[in-house]
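Just final24.cif here, mmCIF, C-alpha atoms and all ligand atoms; chains and numbers go by the auth columns:
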data_run
#
loop_
_atom_site.group_PDB
_atom_site.id
_atom_site.type_symbol
_atom_site.label_atom_id
_atom_site.label_comp_id
_atom_site.label_asym_id
_atom_site.label_seq_id
_atom_site.Cartn_x
_atom_site.Cartn_y
_atom_site.Cartn_z
_atom_site.B_iso_or_equiv
_atom_site.auth_seq_id
_atom_site.auth_asym_id
ATOM 1 C CA MET A 1 68.469 1.295 -60.577 0.00 70 H
ATOM 2 C CA LYS A 2 66.168 2.439 -57.807 0.00 71 H
ATOM 3 C CA PHE A 3 67.002 2.604 -54.124 0.00 72 H
ATOM 4 C CA ASP A 4 64.645 2.800 -51.149 0.00 73 H
ATOM 5 C CA PRO A 5 66.571 4.439 -48.295 0.00 74 H
ATOM 6 C CA GLY A 6 64.058 2.966 -45.843 0.00 75 H
ATOM 7 C CA GLU A 7 65.351 -0.510 -46.765 0.00 76 H
ATOM 8 C CA MET A 8 69.056 0.343 -46.686 0.00 77 H
ATOM 9 C CA ASP A 9 71.685 0.630 -43.989 0.00 78 H
ATOM 10 C CA MET A 10 73.146 4.036 -43.215 0.00 79 H
ATOM 11 C CA GLN A 11 76.517 3.392 -44.908 0.00 80 H
ATOM 12 C CA ALA A 12 74.835 2.531 -48.205 0.00 81 H
ATOM 13 C CA VAL A 13 72.615 5.627 -48.028 0.00 82 H
ATOM 14 C CA TYR A 14 75.672 7.728 -47.149 0.00 83 H
ATOM 15 C CA LYS A 15 77.446 6.439 -50.288 0.00 84 H
ATOM 16 C CA LEU A 16 74.479 7.459 -52.442 0.00 85 H
ATOM 17 C CA LEU A 17 74.201 10.932 -50.899 0.00 86 H
ATOM 18 C CA THR A 18 77.903 11.731 -50.980 0.00 87 H
ATOM 19 C CA GLY A 19 78.333 10.207 -54.438 0.00 88 H
ATOM 20 C CA LEU A 20 75.451 12.178 -55.925 0.00 89 H
ATOM 21 C CA VAL A 21 75.652 15.546 -54.153 0.00 90 H
ATOM 22 C CA VAL A 22 78.919 16.532 -55.825 0.00 91 H
ATOM 23 C CA PRO A 23 81.136 18.451 -55.924 0.00 92 H
ATOM 24 C CA ARG A 24 80.704 19.822 -52.402 0.00 93 H
ATOM 25 C CA PRO A 25 82.492 22.912 -51.108 0.00 94 H
ATOM 26 C CA ILE A 26 84.332 22.371 -47.848 0.00 95 H
ATOM 27 C CA GLY A 27 83.592 24.576 -44.850 0.00 96 H
ATOM 28 C CA TRP A 28 86.682 24.364 -42.667 0.00 97 H
ATOM 29 C CA ALA A 29 85.287 25.305 -39.285 0.00 98 H
ATOM 30 C CA SER A 30 87.357 26.755 -36.477 0.00 99 H
ATOM 31 C CA THR A 31 85.846 26.801 -33.011 0.00 100 H
ATOM 32 C CA ARG A 32 87.139 27.254 -29.472 0.00 101 H
ATOM 33 C CA SER A 33 86.541 24.703 -26.732 0.00 102 H
ATOM 34 C CA PRO A 34 85.246 25.635 -23.274 0.00 103 H
ATOM 35 C CA GLU A 35 88.826 24.972 -22.090 0.00 104 H
ATOM 36 C CA GLY A 36 90.208 27.464 -24.653 0.00 105 H
ATOM 37 C CA VAL A 37 91.615 24.955 -27.189 0.00 106 H
ATOM 38 C CA ASP A 38 91.506 26.077 -30.854 0.00 107 H
ATOM 39 C CA ASN A 39 89.641 23.390 -32.813 0.00 108 H
ATOM 40 C CA LEU A 40 89.548 22.974 -36.589 0.00 109 H
ATOM 41 C CA ALA A 41 87.657 20.442 -38.757 0.00 110 H
ATOM 42 C CA PRO A 42 86.355 20.220 -42.353 0.00 111 H
ATOM 43 C CA PHE A 43 82.652 19.827 -43.214 0.00 112 H
ATOM 44 C CA SER A 44 81.531 19.210 -46.775 0.00 113 H
ATOM 45 C CA PHE A 45 77.857 19.238 -45.839 0.00 114 H
ATOM 46 C CA PHE A 46 78.228 23.000 -46.138 0.00 115 H
ATOM 47 C CA ILE A 47 76.107 25.635 -47.862 0.00 116 H
ATOM 48 C CA ALA A 48 75.593 29.361 -48.322 0.00 117 H
ATOM 49 C CA ILE A 49 71.945 30.102 -47.503 0.00 118 H
ATOM 50 C CA THR A 50 71.268 33.793 -48.170 0.00 119 H
ATOM 51 C CA PRO A 51 73.227 37.037 -48.591 0.00 120 H
ATOM 52 C CA SER A 52 70.551 39.091 -46.784 0.00 121 H
ATOM 53 C CA PRO A 53 72.057 39.106 -44.216 0.00 122 H
ATOM 54 C CA PRO A 54 74.713 36.526 -45.103 0.00 123 H
ATOM 55 C CA HIS A 55 74.114 33.080 -43.602 0.00 124 H
ATOM 56 C CA VAL A 56 75.945 29.789 -44.052 0.00 125 H
ATOM 57 C CA ALA A 57 75.433 26.339 -42.523 0.00 126 H
ATOM 58 C CA ILE A 58 77.376 23.192 -41.778 0.00 127 H
ATOM 59 C CA SER A 59 75.921 19.816 -40.877 0.00 128 H
ATOM 60 C CA VAL A 60 77.775 18.092 -38.060 0.00 129 H
ATOM 61 C CA GLY A 61 77.144 14.372 -37.658 0.00 130 H
ATOM 62 C CA GLN A 62 78.043 12.079 -34.781 0.00 131 H
ATOM 63 C CA ARG A 63 81.166 10.086 -34.020 0.00 132 H
ATOM 64 C CA GLU A 64 80.178 6.689 -32.632 0.00 133 H
ATOM 65 C CA GLY A 65 77.055 8.207 -31.107 0.00 134 H
ATOM 66 C CA GLN A 66 79.030 11.047 -29.500 0.00 135 H
ATOM 67 C CA MET A 67 78.864 14.773 -30.238 0.00 136 H
ATOM 68 C CA LYS A 68 81.787 16.066 -32.336 0.00 137 H
ATOM 69 C CA ASP A 69 83.960 18.798 -30.801 0.00 138 H
ATOM 70 C CA THR A 70 82.704 21.400 -33.304 0.00 139 H
ATOM 71 C CA LEU A 71 79.083 21.074 -32.136 0.00 140 H
ATOM 72 C CA ARG A 72 80.070 21.051 -28.474 0.00 141 H
ATOM 73 C CA ASN A 73 82.178 24.186 -28.970 0.00 142 H
ATOM 74 C CA VAL A 74 79.648 26.251 -30.935 0.00 143 H
ATOM 75 C CA ARG A 75 77.002 25.439 -28.362 0.00 144 H
ATOM 76 C CA HIS A 76 79.326 26.857 -25.729 0.00 145 H
ATOM 77 C CA THR A 77 80.676 30.014 -27.429 0.00 146 H
ATOM 78 C CA GLY A 78 77.841 30.705 -29.914 0.00 147 H
ATOM 79 C CA ASP A 79 80.228 31.403 -32.776 0.00 148 H
ATOM 80 C CA PHE A 80 82.566 29.832 -35.336 0.00 149 H
ATOM 81 C CA VAL A 81 84.725 30.670 -38.369 0.00 150 H
ATOM 82 C CA ILE A 82 84.452 29.075 -41.820 0.00 151 H
ATOM 83 C CA ASN A 83 87.813 29.043 -43.611 0.00 152 H
ATOM 84 C CA THR A 84 88.111 28.387 -47.352 0.00 153 H
ATOM 85 C CA VAL A 85 90.014 25.269 -48.449 0.00 154 H
ATOM 86 C CA SER A 86 92.333 25.917 -51.397 0.00 155 H
ATOM 87 C CA SER A 87 94.835 23.572 -53.053 0.00 156 H
ATOM 88 C CA GLU A 88 97.673 25.101 -50.964 0.00 157 H
ATOM 89 C CA VAL A 89 96.108 23.927 -47.689 0.00 158 H
ATOM 90 C CA VAL A 90 94.340 20.737 -48.730 0.00 159 H
ATOM 91 C CA GLU A 91 96.841 18.441 -46.976 0.00 160 H
ATOM 92 C CA GLN A 92 96.503 20.370 -43.726 0.00 161 H
ATOM 93 C CA MET A 93 92.705 20.285 -44.094 0.00 162 H
ATOM 94 C CA ASN A 94 92.876 16.510 -44.321 0.00 163 H
ATOM 95 C CA THR A 95 95.081 16.313 -41.223 0.00 164 H
ATOM 96 C CA THR A 96 92.527 18.318 -39.243 0.00 165 H
ATOM 97 C CA SER A 97 89.805 15.755 -40.067 0.00 166 H
ATOM 98 C CA GLY A 98 91.468 13.136 -37.850 0.00 167 H
ATOM 99 C CA ASP A 99 89.808 12.075 -34.601 0.00 168 H
ATOM 100 C CA TRP A 100 92.025 14.326 -32.535 0.00 169 H
ATOM 101 C CA PRO A 101 91.021 14.501 -28.858 0.00 170 H
ATOM 102 C CA PRO A 102 89.352 17.713 -27.594 0.00 171 H
ATOM 103 C CA ASP A 103 92.474 18.793 -25.700 0.00 172 H
ATOM 104 C CA SER A 104 94.725 18.747 -28.788 0.00 173 H
ATOM 105 C CA SER A 105 94.513 21.687 -31.194 0.00 174 H
ATOM 106 C CA GLU A 106 94.238 20.784 -34.880 0.00 175 H
ATOM 107 C CA PHE A 107 96.082 24.045 -35.618 0.00 176 H
ATOM 108 C CA ALA A 108 99.124 22.625 -33.838 0.00 177 H
ATOM 109 C CA VAL A 109 98.911 19.107 -35.292 0.00 178 H
ATOM 110 C CA SER A 110 98.641 20.441 -38.844 0.00 179 H
ATOM 111 C CA GLY A 111 101.174 23.278 -38.487 0.00 180 H
ATOM 112 C CA LEU A 112 98.621 26.025 -39.186 0.00 181 H
ATOM 113 C CA THR A 113 98.688 29.509 -37.689 0.00 182 H
ATOM 114 C CA PRO A 114 95.722 30.737 -35.617 0.00 183 H
ATOM 115 C CA VAL A 115 94.950 34.446 -36.105 0.00 184 H
ATOM 116 C CA PRO A 116 92.595 36.242 -33.683 0.00 185 H
ATOM 117 C CA SER A 117 89.237 37.059 -35.272 0.00 186 H
ATOM 118 C CA ASP A 118 87.764 40.591 -35.286 0.00 187 H
ATOM 119 C CA VAL A 119 84.340 39.763 -33.831 0.00 188 H
ATOM 120 C CA VAL A 120 84.084 36.115 -32.778 0.00 189 H
ATOM 121 C CA THR A 121 85.894 33.968 -30.207 0.00 190 H
ATOM 122 C CA PRO A 122 87.512 31.294 -32.449 0.00 191 H
ATOM 123 C CA ALA A 123 90.710 31.970 -34.379 0.00 192 H
ATOM 124 C CA ARG A 124 90.821 31.952 -38.156 0.00 193 H
ATOM 125 C CA VAL A 125 93.403 30.121 -40.286 0.00 194 H
ATOM 126 C CA ALA A 126 96.177 32.478 -41.464 0.00 195 H
ATOM 127 C CA GLU A 127 97.087 30.181 -44.376 0.00 196 H
ATOM 128 C CA ALA A 128 93.506 30.017 -45.749 0.00 197 H
ATOM 129 C CA PRO A 129 92.723 32.367 -48.656 0.00 198 H
ATOM 130 C CA ALA A 130 89.481 33.534 -47.034 0.00 199 H
ATOM 131 C CA SER A 131 87.551 33.233 -43.775 0.00 200 H
ATOM 132 C CA MET A 132 84.065 34.097 -42.582 0.00 201 H
ATOM 133 C CA GLU A 133 83.415 34.976 -38.945 0.00 202 H
ATOM 134 C CA CYS A 134 79.968 33.672 -37.947 0.00 203 H
ATOM 135 C CA LEU A 135 77.548 34.061 -35.050 0.00 204 H
ATOM 136 C CA VAL A 136 75.350 31.024 -34.430 0.00 205 H
ATOM 137 C CA ARG A 137 71.713 31.826 -35.255 0.00 206 H
ATOM 138 C CA GLN A 138 70.128 28.360 -35.121 0.00 207 H
ATOM 139 C CA ILE A 139 71.149 24.790 -34.380 0.00 208 H
ATOM 140 C CA VAL A 140 68.642 22.434 -35.959 0.00 209 H
ATOM 141 C CA PRO A 141 68.656 18.708 -35.142 0.00 210 H
ATOM 142 C CA VAL A 142 67.969 16.710 -38.314 0.00 211 H
ATOM 143 C CA GLY A 143 67.282 12.964 -38.300 0.00 212 H
ATOM 144 C CA GLY A 144 67.548 10.730 -35.283 0.00 213 H
ATOM 145 C CA PRO A 145 69.890 8.348 -33.532 0.00 214 H
ATOM 146 C CA PRO A 146 72.278 6.793 -34.169 0.00 215 H
ATOM 147 C CA TYR A 147 73.432 8.910 -37.146 0.00 216 H
ATOM 148 C CA GLY A 148 71.374 12.110 -37.008 0.00 217 H
ATOM 149 C CA ALA A 149 73.103 15.442 -37.541 0.00 218 H
ATOM 150 C CA HIS A 150 72.884 19.028 -36.341 0.00 219 H
ATOM 151 C CA LEU A 151 72.631 21.818 -38.890 0.00 220 H
ATOM 152 C CA ILE A 152 74.532 24.778 -37.493 0.00 221 H
ATOM 153 C CA ILE A 153 73.335 27.999 -39.122 0.00 222 H
ATOM 154 C CA GLY A 154 75.519 31.052 -38.681 0.00 223 H
ATOM 155 C CA GLU A 155 75.312 34.684 -39.723 0.00 224 H
ATOM 156 C CA VAL A 156 78.511 35.990 -41.296 0.00 225 H
ATOM 157 C CA VAL A 157 79.562 39.157 -39.472 0.00 226 H
ATOM 158 C CA ARG A 158 83.001 39.581 -41.060 0.00 227 H
ATOM 159 C CA PHE A 159 84.584 38.391 -44.323 0.00 228 H
ATOM 160 C CA HIS A 160 88.373 38.184 -44.656 0.00 229 H
ATOM 161 C CA VAL A 161 89.690 37.732 -48.212 0.00 230 H
ATOM 162 C CA ARG A 162 93.326 37.771 -49.323 0.00 231 H
ATOM 163 C CA ASP A 163 93.915 41.066 -51.151 0.00 232 H
ATOM 164 C CA ASP A 164 95.033 39.525 -54.450 0.00 233 H
ATOM 165 C CA LEU A 165 91.765 37.589 -54.755 0.00 234 H
ATOM 166 C CA VAL A 166 89.473 40.617 -54.814 0.00 235 H
ATOM 167 C CA LEU A 167 88.809 41.923 -58.334 0.00 236 H
ATOM 168 C CA GLU A 168 86.983 45.029 -59.486 0.00 237 H
ATOM 169 C CA ARG A 169 83.345 45.335 -58.333 0.00 238 H
ATOM 170 C CA GLY A 170 84.002 42.884 -55.502 0.00 239 H
ATOM 171 C CA ARG A 171 84.282 39.740 -57.606 0.00 240 H
ATOM 172 C CA ILE A 172 86.537 36.952 -56.348 0.00 241 H
ATOM 173 C CA ASP A 173 89.276 35.726 -58.687 0.00 242 H
ATOM 174 C CA GLN A 174 88.222 32.088 -59.018 0.00 243 H
ATOM 175 C CA ARG A 175 91.428 31.012 -60.789 0.00 244 H
ATOM 176 C CA ARG A 176 93.640 32.359 -58.036 0.00 245 H
ATOM 177 C CA LEU A 177 91.367 31.133 -55.244 0.00 246 H
ATOM 178 C CA GLN A 178 92.076 27.504 -56.211 0.00 247 H
ATOM 179 C CA ALA A 179 89.136 26.234 -54.149 0.00 248 H
ATOM 180 C CA VAL A 180 88.935 22.475 -53.667 0.00 249 H
ATOM 181 C CA GLY A 181 85.720 20.447 -53.782 0.00 250 H
ATOM 182 C CA ARG A 182 84.914 17.126 -52.200 0.00 251 H
ATOM 183 C CA LEU A 183 83.633 14.158 -54.160 0.00 252 H
ATOM 184 C CA ALA A 184 82.934 10.795 -52.501 0.00 253 H
ATOM 185 C CA GLY A 185 85.236 9.022 -50.036 0.00 254 H
ATOM 186 C CA ALA A 186 88.838 10.185 -50.494 0.00 255 H
ATOM 187 C CA GLY A 187 88.005 11.886 -53.816 0.00 256 H
ATOM 188 C CA TYR A 188 88.443 15.626 -54.376 0.00 257 H
ATOM 189 C CA CYS A 189 88.357 17.951 -57.366 0.00 258 H
ATOM 190 C CA SER A 190 90.102 21.190 -58.214 0.00 259 H
ATOM 191 C CA THR A 191 88.506 24.263 -59.782 0.00 260 H
ATOM 192 C CA ASP A 192 91.166 24.515 -62.514 0.00 261 H
ATOM 193 C CA ASP A 193 88.799 23.527 -65.319 0.00 262 H
ATOM 194 C CA GLN A 194 86.313 26.402 -65.430 0.00 263 H
ATOM 195 C CA PHE A 195 83.828 27.597 -68.042 0.00 264 H
ATOM 196 C CA GLU A 196 81.071 30.199 -68.276 0.00 265 H
ATOM 197 C CA LEU A 197 77.378 30.038 -69.153 0.00 266 H
ATOM 198 C CA GLU A 198 75.366 33.223 -69.572 0.00 267 H
ATOM 199 C CA ARG A 199 71.928 33.132 -67.926 0.00 268 H
ATOM 200 C CA PRO A 200 68.900 33.449 -70.208 0.00 269 H
ATOM 201 C CA GLN A 201 67.204 36.857 -70.037 0.00 270 H
ATOM 202 C CA VAL A 202 63.486 36.238 -69.590 0.00 271 H
ATOM 203 C CA GLY A 203 61.136 39.203 -69.234 0.00 272 H
ATOM 204 C CA GLU A 204 61.830 41.982 -66.750 0.00 273 H
ATOM 205 C CA ALA A 205 61.904 39.908 -63.535 0.00 274 H
ATOM 206 C CA ARG A 206 65.468 39.740 -62.304 0.00 275 H
ATOM 207 C CA SER A 207 66.878 39.149 -58.839 0.00 276 H
ATOM 208 C CA LEU A 208 70.113 40.759 -57.593 0.00 277 H
ATOM 209 C CA GLY A 209 70.651 42.399 -60.978 0.00 278 H
ATOM 210 C CA GLY A 210 70.368 39.027 -62.684 0.00 279 H
ATOM 211 C CA GLN A 211 73.364 37.613 -60.866 0.00 280 H
ATOM 212 C CA ARG A 212 71.685 34.750 -58.998 0.00 281 H
HETATM 213 C C1 LIG B . 86.655 16.774 -46.654 0.00 1 E
HETATM 214 C C2 LIG B . 85.925 16.308 -45.435 0.00 1 E
HETATM 215 C C3 LIG B . 84.603 16.663 -45.244 0.00 1 E
HETATM 216 C C4 LIG B . 83.909 16.262 -44.086 0.00 1 E
HETATM 217 N N1 LIG B . 82.598 16.631 -43.951 0.00 1 E
HETATM 218 C C5 LIG B . 81.932 16.323 -42.825 0.00 1 E
HETATM 219 C C6 LIG B . 80.586 16.761 -42.643 0.00 1 E
HETATM 220 O O1 LIG B . 79.990 17.431 -43.490 0.00 1 E
HETATM 221 N N2 LIG B . 79.968 16.430 -41.460 0.00 1 E
HETATM 222 C C7 LIG B . 80.605 15.735 -40.485 0.00 1 E
HETATM 223 O O2 LIG B . 80.019 15.488 -39.421 0.00 1 E
HETATM 224 N N3 LIG B . 81.886 15.301 -40.638 0.00 1 E
HETATM 225 C C8 LIG B . 82.558 15.593 -41.763 0.00 1 E
HETATM 226 N N4 LIG B . 83.869 15.195 -41.929 0.00 1 E
HETATM 227 C C9 LIG B . 84.529 14.508 -40.813 0.00 1 E
HETATM 228 C C10 LIG B . 84.980 15.511 -39.742 0.00 1 E
HETATM 229 O O3 LIG B . 85.881 16.467 -40.293 0.00 1 E
HETATM 230 C C11 LIG B . 85.687 14.737 -38.601 0.00 1 E
HETATM 231 O O4 LIG B . 84.743 13.898 -37.961 0.00 1 E
HETATM 232 C C12 LIG B . 86.350 15.639 -37.584 0.00 1 E
HETATM 233 O O5 LIG B . 87.164 14.845 -36.755 0.00 1 E
HETATM 234 C C13 LIG B . 85.374 16.383 -36.702 0.00 1 E
HETATM 235 O O6 LIG B . 86.142 17.155 -35.823 0.00 1 E
HETATM 236 P P1 LIG B . 85.648 17.714 -34.422 0.00 1 E
HETATM 237 O O7 LIG B . 85.405 16.552 -33.500 0.00 1 E
HETATM 238 O O8 LIG B . 86.812 18.558 -34.000 0.00 1 E
HETATM 239 O O9 LIG B . 84.394 18.512 -34.657 0.00 1 E
HETATM 240 C C14 LIG B . 84.566 15.510 -43.092 0.00 1 E
HETATM 241 C C15 LIG B . 85.902 15.121 -43.292 0.00 1 E
HETATM 242 C C16 LIG B . 86.584 15.503 -44.460 0.00 1 E
HETATM 243 C C17 LIG B . 88.005 15.083 -44.665 0.00 1 E
#
Could you render the structure from this file as structure tokens?
Ligand SMILES: Cc1cc2nc3c(=O)[nH]c(=O)nc-3n(C[C@H](O)[C@H](O)[C@H](O)COP(=O)(O)O)c2cc1C
Amino acid sequence: MKFDPGEMDMQAVYKLLTGLVVPRPIGWASTRSPEGVDNLAPFSFFIAITPSPPHVAISVGQREGQMKDTLRNVRHTGDFVINTVSSEVVEQMNTTSGDWPPDSSEFAVSGLTPVPSDVVTPARVAEAPASMECLVRQIVPVGGPPYGAHLIIGEVVRFHVRDDLVLERGRIDQRRLQAVGRLAGAGYCSTDDQFELERPQVGEARSLGGQR
């Protein structure tokens, strides 16, 4: 079948995008409101951009034409934290995705523990296996009303990783990490079923020692 997004309504296009761009990692973003409330919400439109220096991005859409708390907060403080979602915290992650009002902290409603960050204003999630403290570098509006989004690009200025996850030469133990991916709608996947593929060696040109 072929689909012309120009002829479709937003919900139908959303189903195509979220059903085809899978599995998506989940960036669980903590921010702090101008009133000092610790906010937490998951974003599966989430990517790592470059390690040099490290940058990541989340795409924050609108809620009934209104700005989500995460965008409002990062515009105010200029920073955020991305926490990793593992199978141990997936239920709490889901709780934090509710339309909680700006004056209620998703840490409190989901029973999670805020830990002060080293560099940035927002707290990180104690129960998450890893967190990245980020300074906002760019906020890029993408698309238009009524469903356009803002791509929030942040530079990672501190990584926190649970000790037992760090292997020799800085590799992360993917079996222990138990990261969770998002599929479409209420669908998720685990990272239990893993396999390896060696990259082909072609000529001398190699980036990052052939690891990318
Ligand atoms: C797994 C998951 C992934 C989500 N990904 C996104 C996303 O990429 N962009 C977005 O705008 N909302 C996304 N949402 C919805 C937000 O988490 C939700 O609107 C949340 O209430 C926003 O919180 P805030 O107002 O505190 O920023 C996602 C929800 C779930 C459960």
**Report entry** Picked residues, the PyMOL selection byres (((chain H and resi 165) around 12) and not hetatm), as JSON, numbers by chain
**Finding:** {"H": [97, 98, 99, 107, 108, 109, 110, 111, 112, 139, 154, 158, 159, 160, 161, 162, 163, 164, 166, 167, 168, 169, 170, 173, 174, 175, 176, 177, 178, 179, 180, 181, 194]}
May I have a table of the residues of range 105-191 of chain H lying at most 9 Å from range 246-265 of chain H, giving each one's closest pair of atoms and their distance in Å to one decimal, counting only C-alpha atoms, ordered by chain and ascending residue number, as a tab-separated table?
residue	atom	partner	partner_atom	distance
H:Ser113	CA	H:Arg251	CA	6.7
H:Thr153	CA	H:Ala248	CA	7.2
H:Val154	CA	H:Ala248	CA	5.8
H:Ser155	CA	H:Ala248	CA	4.2
H:Ser156	CA	H:Gln247	CA	5.7
H:Glu157	CA	H:Gln247	CA	8.0
H:Val159	CA	H:Val249	CA	7.5
Write the residues you've just listed into a file as a tab-separated table (two decimals), keeping the file's coordinate frame, and include C-alpha atoms for each of them.
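Contents of again-v1.tsv, as written:
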chain	number	residue	atom	x	y	z
H	113	SER	CA	81.53	19.21	-46.78
H	153	THR	CA	88.11	28.39	-47.35
H	154	VAL	CA	90.01	25.27	-48.45
H	155	SER	CA	92.33	25.92	-51.40
H	156	SER	CA	94.84	23.57	-53.05
H	157	GLU	CA	97.67	25.10	-50.96
H	159	VAL	CA	94.34	20.74	-48.73
**Report entry** All residues 12 Å or closer to Tyr83 in chain H, all atoms listed in the file, same chain fewer than 2 positions away omitted, as a VMD selection string
**Finding:** chain H and resid 74 77 to 81 85 to 90 114 130 216 to 217 253 to 254
Resulting file, chosen residues, C-alpha atoms, as a PDB file, in the coordinates of the input:
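See again34.pdb below for the written result:
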ATOM      1  CA  PRO H  74      66.571   4.439 -48.295  1.00  0.00           C
ATOM      2  CA  MET H  77      69.056   0.343 -46.686  1.00  0.00           C
ATOM      3  CA  ASP H  78      71.685   0.630 -43.989  1.00  0.00           C
ATOM      4  CA  MET H  79      73.146   4.036 -43.215  1.00  0.00           C
ATOM      5  CA  GLN H  80      76.517   3.392 -44.908  1.00  0.00           C
ATOM      6  CA  ALA H  81      74.835   2.531 -48.205  1.00  0.00           C
ATOM      7  CA  LEU H  85      74.479   7.459 -52.442  1.00  0.00           C
ATOM      8  CA  LEU H  86      74.201  10.932 -50.899  1.00  0.00           C
ATOM      9  CA  THR H  87      77.903  11.731 -50.980  1.00  0.00           C
ATOM     10  CA  GLY H  88      78.333  10.207 -54.438  1.00  0.00           C
ATOM     11  CA  LEU H  89      75.451  12.178 -55.925  1.00  0.00           C
ATOM     12  CA  VAL H  90      75.652  15.546 -54.153  1.00  0.00           C
ATOM     13  CA  PHE H 114      77.857  19.238 -45.839  1.00  0.00           C
ATOM     14  CA  GLY H 130      77.144  14.372 -37.658  1.00  0.00           C
ATOM     15  CA  TYR H 216      73.432   8.910 -37.146  1.00  0.00           C
ATOM     16  CA  GLY H 217      71.374  12.110 -37.008  1.00  0.00           C
ATOM     17  CA  ALA H 253      82.934  10.795 -52.501  1.00  0.00           C
ATOM     18  CA  GLY H 254      85.236   9.022 -50.036  1.00  0.00           C
TER      19      GLY H 254
END
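Coordinates place CA of Asp232 in chain H at a distance of 19.8 Å from CA of Val188 in chain H.
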Once 6 Å is added on each side, what are the centre and the three edge lengths, in Å to one decimal, of the axis-aligned box enclosing the listed atoms of ligand LIG 1 (chain E)? Present them as lines of an AutoDock Vina configuration file.
center_x = 84.0
center_y = 16.2
center_z = -40.1
size_x = 20.0
size_y = 16.7
size_z = 25.2
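Across the model, the gap from CA of Ser121 in chain H to atom C13 of ligand LIG 1 (chain E) is 28.9 Å.
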Requested in this report: Could you state which residues are captured by the PyMOL selection byres (((chain H and resi 202) around 10) and not hetatm) in this file, as a VMD selection string?
Outcome: chain H and resid 98 to 99 148 to 152 186 to 193 200 to 201 203 to 204 223 to 229
Query raised in the report: So how far away is CA of Val205 in chain H from CA of Val230 in chain H, in Å?
Result: 21.0 Å
I'd like to see the residues matched by the PyMOL selection byres (((chain H and resi 124) around 7) and not hetatm) on this file, and ideally I'd get them as a PDB file with C-alpha atoms, in the frame of the given file.
ATOM      1  CA  ALA H 117      75.593  29.361 -48.322  1.00  0.00           C
ATOM      2  CA  ILE H 118      71.945  30.102 -47.503  1.00  0.00           C
ATOM      3  CA  THR H 119      71.268  33.793 -48.170  1.00  0.00           C
ATOM      4  CA  PRO H 120      73.227  37.037 -48.591  1.00  0.00           C
ATOM      5  CA  PRO H 122      72.057  39.106 -44.216  1.00  0.00           C
ATOM      6  CA  PRO H 123      74.713  36.526 -45.103  1.00  0.00           C
ATOM      7  CA  VAL H 125      75.945  29.789 -44.052  1.00  0.00           C
ATOM      8  CA  ALA H 126      75.433  26.339 -42.523  1.00  0.00           C
ATOM      9  CA  ILE H 222      73.335  27.999 -39.122  1.00  0.00           C
ATOM     10  CA  GLY H 223      75.519  31.052 -38.681  1.00  0.00           C
ATOM     11  CA  GLU H 224      75.312  34.684 -39.723  1.00  0.00           C
ATOM     12  CA  VAL H 225      78.511  35.990 -41.296  1.00  0.00           C
TER      13      VAL H 225
END
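For the set H:Pro171, H:Gly105, H:Gly75, H:Gly134, the residue with the smallest atom-to-atom gap to ligand LIG 1 (chain E) is H:Pro171, counting all atoms listed in the file.
Among the candidates H:Ser128, H:Leu266, H:Phe72, H:Gln207, the one nearest to Lys84 in chain H when counting all atoms listed in the file is H:Phe72.
Checking H:Arg206, H:Arg93, H:Arg231, H:Arg268 one by one against ligand LIG 1 (chain E), counting only C-alpha atoms and all ligand atoms, you find the shortest gap at H:Arg93.
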Requested in this report: Identify, on the basis of all atoms listed in the file, every residue whose closest approach to Ile208 in chain H does not exceed 7 Å; exclude the query and any residue fewer than 6 positions from it along the same chain; express the result as a PyMOL selection string.
Outcome: chain H and resi 219-222
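Across H:Gly239, H:Pro103, H:Pro198, H:Pro214, the tightest approach to Thr146 in chain H is made by H:Pro103 when counting all atoms listed in the file.
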Mind dumping range 174-182 of chain H from that block, keeping N, CA and C atoms, as a PDB file, in the first residue's frame?
ATOM      1  N   SER H 174       4.176  16.869  41.241  1.00  0.00           N
ATOM      2  CA  SER H 174       5.420  16.260  40.789  1.00  0.00           C
ATOM      3  C   SER H 174       5.197  14.800  40.412  1.00  0.00           C
ATOM      4  N   GLU H 175       5.620  14.426  39.212  1.00  0.00           N
ATOM      5  CA  GLU H 175       5.500  13.027  38.785  1.00  0.00           C
ATOM      6  C   GLU H 175       6.413  12.113  39.605  1.00  0.00           C
ATOM      7  N   PHE H 176       7.433  12.658  40.258  1.00  0.00           N
ATOM      8  CA  PHE H 176       8.239  11.844  41.169  1.00  0.00           C
ATOM      9  C   PHE H 176       7.339  11.352  42.305  1.00  0.00           C
ATOM     10  N   ALA H 177       6.551  12.273  42.857  1.00  0.00           N
ATOM     11  CA  ALA H 177       5.695  11.924  43.990  1.00  0.00           C
ATOM     12  C   ALA H 177       4.587  10.965  43.554  1.00  0.00           C
ATOM     13  N   VAL H 178       3.922  11.251  42.430  1.00  0.00           N
ATOM     14  CA  VAL H 178       2.794  10.401  42.040  1.00  0.00           C
ATOM     15  C   VAL H 178       3.235   8.987  41.658  1.00  0.00           C
ATOM     16  N   SER H 179       4.489   8.821  41.257  1.00  0.00           N
ATOM     17  CA  SER H 179       4.937   7.492  40.850  1.00  0.00           C
ATOM     18  C   SER H 179       5.832   6.834  41.904  1.00  0.00           C
ATOM     19  N   GLY H 180       6.050   7.512  43.032  1.00  0.00           N
ATOM     20  CA  GLY H 180       6.841   6.932  44.114  1.00  0.00           C
ATOM     21  C   GLY H 180       8.325   6.835  43.800  1.00  0.00           C
ATOM     22  N   LEU H 181       8.822   7.720  42.945  1.00  0.00           N
ATOM     23  CA  LEU H 181      10.249   7.716  42.588  1.00  0.00           C
ATOM     24  C   LEU H 181      11.011   8.735  43.443  1.00  0.00           C
ATOM     25  N   THR H 182      12.323   8.509  43.539  1.00  0.00           N
ATOM     26  CA  THR H 182      13.147   9.339  44.419  1.00  0.00           C
ATOM     27  C   THR H 182      13.968  10.339  43.609  1.00  0.00           C
TER      28      THR H 182
END
